[in-house]
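Enquirer: To start, I am sharing the structure in question, which I have written as structure tokens.
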Protein chains: 2
Amino acid sequence: MSKRPDITLSELQIALMRVLWRRGETSTADVAAELAQDRGLKHTTIATLLTRLEKRGVVAQRRDGRQLYYRAMVEEADVRRSMVADLIGALFAGDAQELVAHLVQESEIAPGDLAKVKRRLARGDHDAN
Amino acid sequence: MSKRPDITLSELQIALMRVLWRRGETSTADVAAELAQDRGLKHTTIATLLTRLEKRGVVAQRRDGRQLYYRAMVEEADVRRSMVADLIGALFAGDAQELVAHLVQESEIAPGDLAKVKRRLARGDHDAN
DNA sequence: TCCTTTCTACTACAACTGTAGTACGACATT
DNA sequence: AATGTCGTACTACAGTTGTAGTAGAAAGGA
């Protein structure tokens, strides 16, 4: 029951995945449309990226006629988990509290927001406050 | 006055840097000794890595006789800043609070620890509590 | 049916990374 | 002085990533 896959993706790969996470199964063309828009990438580039992710098992493809549809095979939470863990391991001696301290010190987050996040989670409210 | 350089390093590169951050100027041999120990890397490998980092300007080298001494040209805080920012941008829609929420949800940190971190920082106490 | 558009498959290629071997010069040791 | 040792410089090579071109099949239009 191997849950918790260890996935590390590049920024661009994550951008691809975000489209799939948001829209579910999506055609190459539709993914390309969004990404080409934002980043000026050619659709062949997107196709290549998707093929590679498929080869890695990160996404799965389904063919319908001559078109390919992709869907994510890993959840966003899994990617977050492993990438955050890697970062904490590499840069914060494995101590998550250090990361939080860093966020506050670097003003990425206000001290008061810690309590806010805590309250929000306590309420089981997963949306932004 | 270009502060805040944007540095992204691989796990291994960070491991190299950690040695330099901890010890200050260090000879290739000494860096290699630590890393070869932990990771079974040959000293030529370490030398190559250091040369590359030097080429990138991340470290500087000083020669003494036939030996090279390296020292970090970026601070750990800078690397943390840019890498954490990249991660938040790529995976948490740029919202640091989301990252903290993630840490709590994934039990990387206990809700009560948020307050602890906060108090610690309020006291200006930068050591672990 | 013939031309055009649309997709996918395959190929390419440079940069960066992990990993190390080899060559060569300087030092130390007999 | 001869030799072994150490350290750096240079070369190598495979895997990943970003980026895209080209070829060829298929589908759609005229």
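Here, A, B, ... name the chains of the structure tokens in the order displayed, residue numbers run from 1 inside each chain, and ligands are numbered from 1 in the same displayed order.
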Can you work out which residues from chain C touch chain A at a cut-off of 12 Å (counting only C-alpha atoms (C1' of nucleotides)) and hand them back as a ChimeraX atom specification?

Expert: /C:6-11

Enquirer: Provide as JSON, numbers by chain the residues of chain D at most 10 Å from chain B, counting only C-alpha atoms (C1' of nucleotides).

Expert: {"D": [6, 7, 8, 9]}

Enquirer: I need the contact residues of chain B against chain A, so if you could list those with any atom within 9 Å, counting only C-alpha atoms, and return them as JSON, numbers by chain, that would help.

Expert: {"B": [10, 11, 12, 14, 15, 18, 76, 77, 79, 80, 81, 83, 84, 85, 86, 87, 89, 90, 91, 92, 95, 96, 97, 98, 99, 100, 101, 102, 103, 104, 105, 106, 108, 109, 111, 112, 113, 114, 115, 117, 118, 120, 121, 122, 126, 128]}

Enquirer: Can you list, as a list in words, all residues belonging to chain B that DSSP tags as strand (DSSP E)?

Expert: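 After running DSSP on the backbone, chain B has strand (DSSP E) at Thr26, Ser27, Val59, Ala60, Gln61, Arg62, Arg63, Asp64, Gln67, Leu68, Tyr69, Tyr70, Arg71 and Ala72 of chain B.
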
Enquirer: Would you export the selected residues with N, CA and C atoms as a short mmCIF file (atom, residue, chain, number, x, y, z; two decimals), in the first residue's frame, please?

Expert:
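Listed below is the output, out_38.cif:
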data_model
loop_
_atom_site.label_atom_id
_atom_site.label_comp_id
_atom_site.auth_asym_id
_atom_site.auth_seq_id
_atom_site.Cartn_x
_atom_site.Cartn_y
_atom_site.Cartn_z
N THR B 26 37.26 26.98 3.81
CA THR B 26 37.63 25.58 4.00
C THR B 26 38.32 25.04 2.75
N SER B 27 39.30 24.21 2.95
CA SER B 27 40.01 23.63 1.81
C SER B 27 39.15 22.55 1.14
N VAL B 59 30.37 30.64 -4.57
CA VAL B 59 31.48 30.58 -3.63
C VAL B 59 32.67 31.27 -4.29
N ALA B 60 33.67 31.60 -3.48
CA ALA B 60 34.88 32.20 -4.02
C ALA B 60 36.03 31.31 -3.61
N GLN B 61 37.06 31.27 -4.43
CA GLN B 61 38.19 30.43 -4.07
C GLN B 61 39.43 31.28 -3.85
N ARG B 62 40.26 30.82 -2.97
CA ARG B 62 41.52 31.49 -2.73
C ARG B 62 42.56 30.39 -2.82
N ARG B 63 43.65 30.73 -3.47
CA ARG B 63 44.68 29.71 -3.65
C ARG B 63 45.82 29.95 -2.68
N ASP B 64 46.28 28.87 -2.08
CA ASP B 64 47.44 28.98 -1.20
C ASP B 64 48.34 27.81 -1.57
N GLN B 67 46.92 24.50 -3.04
CA GLN B 67 45.62 24.18 -2.48
C GLN B 67 44.60 25.30 -2.66
N LEU B 68 43.34 24.90 -2.76
CA LEU B 68 42.28 25.89 -2.92
C LEU B 68 41.43 25.94 -1.68
N TYR B 69 41.09 27.14 -1.30
CA TYR B 69 40.20 27.33 -0.15
C TYR B 69 38.96 28.01 -0.66
N TYR B 70 37.84 27.54 -0.21
CA TYR B 70 36.57 28.11 -0.67
C TYR B 70 35.83 28.76 0.48
N ARG B 71 35.11 29.80 0.11
CA ARG B 71 34.20 30.37 1.12
C ARG B 71 32.90 30.77 0.43
N ALA B 72 31.83 30.74 1.17
CA ALA B 72 30.51 31.03 0.63
C ALA B 72 30.39 32.51 0.27
#

Enquirer: Determine which residues of chain A DSSP labels as helix (DSSP H, G or I) from the backbone of this structure, then write them out as a PyMOL selection string.

Expert: chain A and resi 11-23+28-39+43-55+76-91+96-105+111-122

Enquirer: Can you spit out the residues from that selection as a PDB file, in the first residue's frame, using C-alpha atoms?

Expert:
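What follows is the written file out25.pdb:
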ATOM      1  CA  GLU A  11       8.211  24.855 -11.490  1.00  0.00           C
ATOM      2  CA  LEU A  12       7.092  24.328 -15.059  1.00  0.00           C
ATOM      3  CA  GLN A  13       6.027  20.783 -14.447  1.00  0.00           C
ATOM      4  CA  ILE A  14       3.992  21.964 -11.486  1.00  0.00           C
ATOM      5  CA  ALA A  15       2.325  24.539 -13.698  1.00  0.00           C
ATOM      6  CA  LEU A  16       1.321  21.738 -16.050  1.00  0.00           C
ATOM      7  CA  MET A  17       0.018  19.676 -13.183  1.00  0.00           C
ATOM      8  CA  ARG A  18      -1.973  22.560 -11.785  1.00  0.00           C
ATOM      9  CA  VAL A  19      -3.988  22.609 -14.971  1.00  0.00           C
ATOM     10  CA  LEU A  20      -4.719  18.914 -14.636  1.00  0.00           C
ATOM     11  CA  TRP A  21      -5.529  19.193 -10.958  1.00  0.00           C
ATOM     12  CA  ARG A  22      -7.939  21.995 -11.624  1.00  0.00           C
ATOM     13  CA  ARG A  23      -9.630  20.628 -14.715  1.00  0.00           C
ATOM     14  CA  THR A  28      -3.038  18.330 -24.813  1.00  0.00           C
ATOM     15  CA  ALA A  29      -4.510  21.209 -26.770  1.00  0.00           C
ATOM     16  CA  ASP A  30      -6.354  22.588 -23.765  1.00  0.00           C
ATOM     17  CA  VAL A  31      -3.347  22.333 -21.504  1.00  0.00           C
ATOM     18  CA  ALA A  32      -1.271  23.962 -24.209  1.00  0.00           C
ATOM     19  CA  ALA A  33      -3.790  26.740 -24.624  1.00  0.00           C
ATOM     20  CA  GLU A  34      -3.440  27.774 -20.996  1.00  0.00           C
ATOM     21  CA  LEU A  35       0.299  27.448 -20.793  1.00  0.00           C
ATOM     22  CA  ALA A  36       1.067  28.901 -24.184  1.00  0.00           C
ATOM     23  CA  GLN A  37      -0.979  31.852 -23.082  1.00  0.00           C
ATOM     24  CA  ASP A  38       0.841  32.532 -19.836  1.00  0.00           C
ATOM     25  CA  ARG A  39       4.309  31.551 -20.852  1.00  0.00           C
ATOM     26  CA  HIS A  43       2.179  23.483 -28.120  1.00  0.00           C
ATOM     27  CA  THR A  44       4.809  20.964 -29.169  1.00  0.00           C
ATOM     28  CA  THR A  45       6.696  21.925 -26.072  1.00  0.00           C
ATOM     29  CA  ILE A  46       3.696  21.185 -23.899  1.00  0.00           C
ATOM     30  CA  ALA A  47       3.177  17.899 -25.685  1.00  0.00           C
ATOM     31  CA  THR A  48       6.764  16.931 -24.994  1.00  0.00           C
ATOM     32  CA  LEU A  49       6.440  17.833 -21.341  1.00  0.00           C
ATOM     33  CA  LEU A  50       3.272  15.819 -20.961  1.00  0.00           C
ATOM     34  CA  THR A  51       4.812  12.810 -22.667  1.00  0.00           C
ATOM     35  CA  ARG A  52       7.727  12.917 -20.292  1.00  0.00           C
ATOM     36  CA  LEU A  53       5.504  13.155 -17.267  1.00  0.00           C
ATOM     37  CA  GLU A  54       3.569  10.213 -18.602  1.00  0.00           C
ATOM     38  CA  LYS A  55       6.772   8.234 -18.961  1.00  0.00           C
ATOM     39  CA  GLU A  76      -1.273  18.032  -5.251  1.00  0.00           C
ATOM     40  CA  ALA A  77      -1.058  17.181  -1.566  1.00  0.00           C
ATOM     41  CA  ASP A  78       1.475  14.452  -2.326  1.00  0.00           C
ATOM     42  CA  VAL A  79       3.675  16.785  -4.284  1.00  0.00           C
ATOM     43  CA  ARG A  80       3.436  19.396  -1.586  1.00  0.00           C
ATOM     44  CA  ARG A  81       4.258  16.887   1.053  1.00  0.00           C
ATOM     45  CA  SER A  82       7.354  15.543  -0.573  1.00  0.00           C
ATOM     46  CA  MET A  83       8.665  18.824  -1.859  1.00  0.00           C
ATOM     47  CA  VAL A  84       8.152  20.629   1.412  1.00  0.00           C
ATOM     48  CA  ALA A  85       9.777  17.748   3.250  1.00  0.00           C
ATOM     49  CA  ASP A  86      12.747  17.878   0.897  1.00  0.00           C
ATOM     50  CA  LEU A  87      13.145  21.578   1.420  1.00  0.00           C
ATOM     51  CA  ILE A  88      12.939  21.314   5.166  1.00  0.00           C
ATOM     52  CA  GLY A  89      15.424  18.489   5.097  1.00  0.00           C
ATOM     53  CA  ALA A  90      17.897  20.304   2.915  1.00  0.00           C
ATOM     54  CA  LEU A  91      17.656  23.793   4.298  1.00  0.00           C
ATOM     55  CA  ALA A  96       9.618  22.462  10.324  1.00  0.00           C
ATOM     56  CA  GLN A  97       9.533  24.989  13.161  1.00  0.00           C
ATOM     57  CA  GLU A  98      12.627  26.557  11.698  1.00  0.00           C
ATOM     58  CA  LEU A  99      10.791  27.027   8.462  1.00  0.00           C
ATOM     59  CA  VAL A 100       7.922  28.752  10.213  1.00  0.00           C
ATOM     60  CA  ALA A 101      10.368  30.929  12.093  1.00  0.00           C
ATOM     61  CA  HIS A 102      11.968  31.809   8.795  1.00  0.00           C
ATOM     62  CA  LEU A 103       8.622  32.803   7.308  1.00  0.00           C
ATOM     63  CA  VAL A 104       7.944  35.155  10.166  1.00  0.00           C
ATOM     64  CA  GLN A 105      11.435  36.629  10.236  1.00  0.00           C
ATOM     65  CA  PRO A 111       3.139  36.656  13.574  1.00  0.00           C
ATOM     66  CA  GLY A 112      -0.557  37.171  14.145  1.00  0.00           C
ATOM     67  CA  ASP A 113      -1.361  35.083  11.115  1.00  0.00           C
ATOM     68  CA  LEU A 114      -0.024  32.006  12.811  1.00  0.00           C
ATOM     69  CA  ALA A 115      -2.878  32.124  15.253  1.00  0.00           C
ATOM     70  CA  LYS A 116      -5.245  32.812  12.410  1.00  0.00           C
ATOM     71  CA  VAL A 117      -4.116  29.777  10.505  1.00  0.00           C
ATOM     72  CA  LYS A 118      -4.387  27.734  13.632  1.00  0.00           C
ATOM     73  CA  ARG A 119      -7.922  28.854  14.351  1.00  0.00           C
ATOM     74  CA  ARG A 120      -8.903  28.323  10.787  1.00  0.00           C
ATOM     75  CA  LEU A 121      -7.632  24.759  10.847  1.00  0.00           C
ATOM     76  CA  ALA A 122      -9.176  24.108  14.224  1.00  0.00           C
TER      77      ALA A 122
END

Enquirer: Have a look at C1' of DT29 (chain C) and C1' of DT3 (chain D) and let me know their distance in Å, one decimal.

Expert: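 It comes out at 8.5 Å.
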
Enquirer: I'd like the interatomic distance between CA of Thr8 (chain B) and C1' of DG15 (chain D), to a tenth of an Å.

Expert: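 Rounded to one decimal, the two atoms are 19.7 Å apart.
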
Enquirer: Calculate how many Å separate C1' of DG21 (chain D) from C1' of DC16 (chain C), rounding to one decimal.

Expert: 22.8 Å

Enquirer: Smallest atom-to-atom distance to DA27 (chain D): which of A:Gly65, A:Gly24, A:Gly57, A:Gly40, using only C-alpha atoms (C1' of nucleotides)?

Expert: A:Gly65

Enquirer: Could you pull the residues within 12 Å of DA15 (chain C), counting only C-alpha atoms (C1' of nucleotides), minus those fewer than 5 positions along the same chain, as a PyMOL selection string?

Expert: chain D and resi 16-19

Enquirer: For DT11 (chain D), find every residue with an atom within 12 Å (counting only C-alpha atoms (C1' of nucleotides)), except residues of its own chain fewer than 5 positions away, and show them as a list in words.

Expert: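 In the requested form, the answer reads Thr48 of chain B; DA20, DG21, DT22 and DA23 of chain C.
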
Enquirer: Those same residues, written as a tab-separated table (two decimals), in the first residue's frame with N, CA and C atoms (P, O5', C5', C4', C3', O3' and C1' of nucleotides)?

Expert:
chain	number	residue	atom	x	y	z
B	48	THR	N	35.02	19.04	-8.34
B	48	THR	CA	34.24	19.47	-9.49
B	48	THR	C	33.07	20.34	-9.06
C	20	DA	P	31.29	8.78	-7.31
C	20	DA	O5'	32.45	8.92	-8.39
C	20	DA	C5'	32.24	8.17	-9.55
C	20	DA	C4'	33.22	8.41	-10.64
C	20	DA	C3'	34.69	8.36	-10.16
C	20	DA	O3'	35.36	7.44	-10.99
C	20	DA	C1'	34.31	10.22	-11.58
C	21	DG	P	36.68	6.75	-10.49
C	21	DG	O5'	37.53	6.84	-11.84
C	21	DG	C5'	36.90	6.44	-13.07
C	21	DG	C4'	37.70	7.00	-14.24
C	21	DG	C3'	39.21	6.83	-14.07
C	21	DG	O3'	39.81	6.51	-15.34
C	21	DG	C1'	38.68	9.14	-14.29
C	22	DT	P	41.36	6.10	-15.33
C	22	DT	O5'	42.04	7.40	-15.96
C	22	DT	C5'	41.46	8.00	-17.11
C	22	DT	C4'	42.30	9.18	-17.52
C	22	DT	C3'	43.80	8.96	-17.32
C	22	DT	O3'	44.49	9.63	-18.36
C	22	DT	C1'	43.11	10.81	-16.06
C	23	DA	P	46.06	9.37	-18.56
C	23	DA	O5'	46.59	10.87	-18.54
C	23	DA	C5'	45.82	11.91	-19.15
C	23	DA	C4'	46.43	13.23	-18.76
C	23	DA	C3'	47.95	13.17	-18.63
C	23	DA	O3'	48.46	14.43	-19.04
C	23	DA	C1'	47.01	13.78	-16.57
